[in-house]
Amino acid sequence: MTPAPGERRPASSTAIAVGAQIRQRREQRGMSSAELARRAGLSKATLSQLEAGRGNPTIETLDALAIALRIPLTDLLARDIDPGPVHVPGTDLADGEVGRELLRRISSGNSLEIWRLRMPPGTHLDGVPHATGTIEHLLVSSGRLTAGPADAPADLHPGDLLAFAGDAPHLYRTGPEPADVTVVIASPIMS
């Protein structure tokens, strides 16, 4: 789907993950964005867009950033270093349009469970922390709810995805309407 003039295309989960890696590595080195942009041969505006997850960098651009940061290129492509909440808002489609979006890639080495959670209006459910390293993914099919880490829950609407550390206290809460949610629990395989 092509955005209308003046609209922004939603950021992809890959662009967001790469941007977070660039920013984290730059900050770990105490480097300003201006300095990293200069060393990588980029404009400050381009670097800002990349760090915000709104860019579409070439391999050459990523390579220049990796060299400037003195890290392997693959470090910029690493994902899920922080199991902190990842909220991907739902997107709209025009009538009759088919939409297919990658919402979240889950690394291998996990045991996956897929659950359907249906909650009536006015319900509060405390989630019991799962095994260490577990990530919980919620995809809202219908209704609205507040869910996620107990200390930072997110308001979710139909089409929204939320991924968060399931090994910490978490909650699910509906307001005046029921909610239907697909829950994917990814737990590390213990050997």
# chains A, B, ... in the order shown; residues from 1 in each chain; ligands from 1
>>> residues_around(residues="Gly127 of chain A", least_positions_apart="4", cutoff="12 Å", atoms="only C-alpha atoms", output="list of chain:residue names")
A:Glu136, A:Ala147, A:Gly148, A:Pro149, A:Ala150, A:Ala165, A:Gly166, A:Asp167, A:Ala168, A:Pro169, A:His170, A:Leu171, A:Tyr172, A:Arg173
>>> select_by_dssp(residues="chain A", states="helix (DSSP H, G or I)", output="number ranges by chain")
A: 13-28, 33-40, 44-51, 59-69, 73-77
>>> write_last_selection(atoms="C-alpha atoms", output="PDB file, in the first residue's frame")
ATOM      1  CA  SER A  13      10.026  -3.830  12.667  1.00  0.00           C
ATOM      2  CA  THR A  14      13.386  -4.343  10.917  1.00  0.00           C
ATOM      3  CA  ALA A  15      13.943  -0.604  10.459  1.00  0.00           C
ATOM      4  CA  ILE A  16      13.039   0.006  14.103  1.00  0.00           C
ATOM      5  CA  ALA A  17      15.414  -2.755  15.302  1.00  0.00           C
ATOM      6  CA  VAL A  18      18.309  -1.482  13.134  1.00  0.00           C
ATOM      7  CA  GLY A  19      17.698   2.091  14.269  1.00  0.00           C
ATOM      8  CA  ALA A  20      17.732   1.024  17.915  1.00  0.00           C
ATOM      9  CA  GLN A  21      21.035  -0.814  17.358  1.00  0.00           C
ATOM     10  CA  ILE A  22      22.641   2.231  15.707  1.00  0.00           C
ATOM     11  CA  ARG A  23      21.524   4.551  18.523  1.00  0.00           C
ATOM     12  CA  GLN A  24      22.535   2.094  21.274  1.00  0.00           C
ATOM     13  CA  ARG A  25      26.008   1.477  19.810  1.00  0.00           C
ATOM     14  CA  ARG A  26      26.571   5.226  19.263  1.00  0.00           C
ATOM     15  CA  GLU A  27      25.532   6.036  22.840  1.00  0.00           C
ATOM     16  CA  GLN A  28      27.672   3.201  24.253  1.00  0.00           C
ATOM     17  CA  SER A  33      24.980  11.891  16.315  1.00  0.00           C
ATOM     18  CA  ALA A  34      26.890  14.648  14.509  1.00  0.00           C
ATOM     19  CA  GLU A  35      30.192  12.805  15.060  1.00  0.00           C
ATOM     20  CA  LEU A  36      28.815   9.452  13.883  1.00  0.00           C
ATOM     21  CA  ALA A  37      27.244  11.067  10.821  1.00  0.00           C
ATOM     22  CA  ARG A  38      30.580  12.751   9.977  1.00  0.00           C
ATOM     23  CA  ARG A  39      32.574   9.523  10.407  1.00  0.00           C
ATOM     24  CA  ALA A  40      30.093   7.529   8.305  1.00  0.00           C
ATOM     25  CA  LYS A  44      22.760  14.337  10.409  1.00  0.00           C
ATOM     26  CA  ALA A  45      19.182  14.237   9.076  1.00  0.00           C
ATOM     27  CA  THR A  46      19.754  10.833   7.464  1.00  0.00           C
ATOM     28  CA  LEU A  47      21.239   9.425  10.664  1.00  0.00           C
ATOM     29  CA  SER A  48      18.333  10.836  12.669  1.00  0.00           C
ATOM     30  CA  GLN A  49      15.834   9.134  10.334  1.00  0.00           C
ATOM     31  CA  LEU A  50      17.723   5.820  10.581  1.00  0.00           C
ATOM     32  CA  GLU A  51      17.882   5.929  14.383  1.00  0.00           C
ATOM     33  CA  ILE A  59      24.056  -2.212   2.746  1.00  0.00           C
ATOM     34  CA  GLU A  60      26.744   0.365   1.941  1.00  0.00           C
ATOM     35  CA  THR A  61      25.211   2.835   4.426  1.00  0.00           C
ATOM     36  CA  LEU A  62      24.989   0.177   7.135  1.00  0.00           C
ATOM     37  CA  ASP A  63      28.578  -0.854   6.395  1.00  0.00           C
ATOM     38  CA  ALA A  64      29.765   2.762   6.704  1.00  0.00           C
ATOM     39  CA  LEU A  65      27.981   3.047  10.064  1.00  0.00           C
ATOM     40  CA  ALA A  66      29.455  -0.253  11.293  1.00  0.00           C
ATOM     41  CA  ILE A  67      32.964   0.876  10.329  1.00  0.00           C
ATOM     42  CA  ALA A  68      32.447   4.253  12.028  1.00  0.00           C
ATOM     43  CA  LEU A  69      31.224   2.449  15.157  1.00  0.00           C
ATOM     44  CA  LEU A  73      27.995  -5.147  10.236  1.00  0.00           C
ATOM     45  CA  THR A  74      25.989  -8.057  11.658  1.00  0.00           C
ATOM     46  CA  ASP A  75      25.815  -6.300  15.047  1.00  0.00           C
ATOM     47  CA  LEU A  76      23.555  -3.676  13.469  1.00  0.00           C
ATOM     48  CA  LEU A  77      21.205  -6.418  12.295  1.00  0.00           C
TER      49      LEU A  77
END
>>> residues_around(residues="segment 176-184 of chain A", least_positions_apart="4", cutoff="10 Å", atoms="only C-alpha atoms", output="VMD selection string")
chain A and resid 112 to 123 135 to 145 156 to 163
>>> closest_residue(among="A:Leu103, A:Val86, A:Ala152, A:Ile189", to="Ala131 of chain A", atoms="only C-alpha atoms")
A:Ile189
>>> atom_distance(atom1="atom CA of Gly55 of chain A", atom2="atom CA of Gly133 of chain A")
29.6 Å
>>> atom_distance(atom1="atom CA of Asp155 of chain A", atom2="atom CA of His124 of chain A")
13.7 Å
>>> atom_distance(atom1="atom CA of Pro57 of chain A", atom2="atom CA of Arg70 of chain A")
18.1 Å
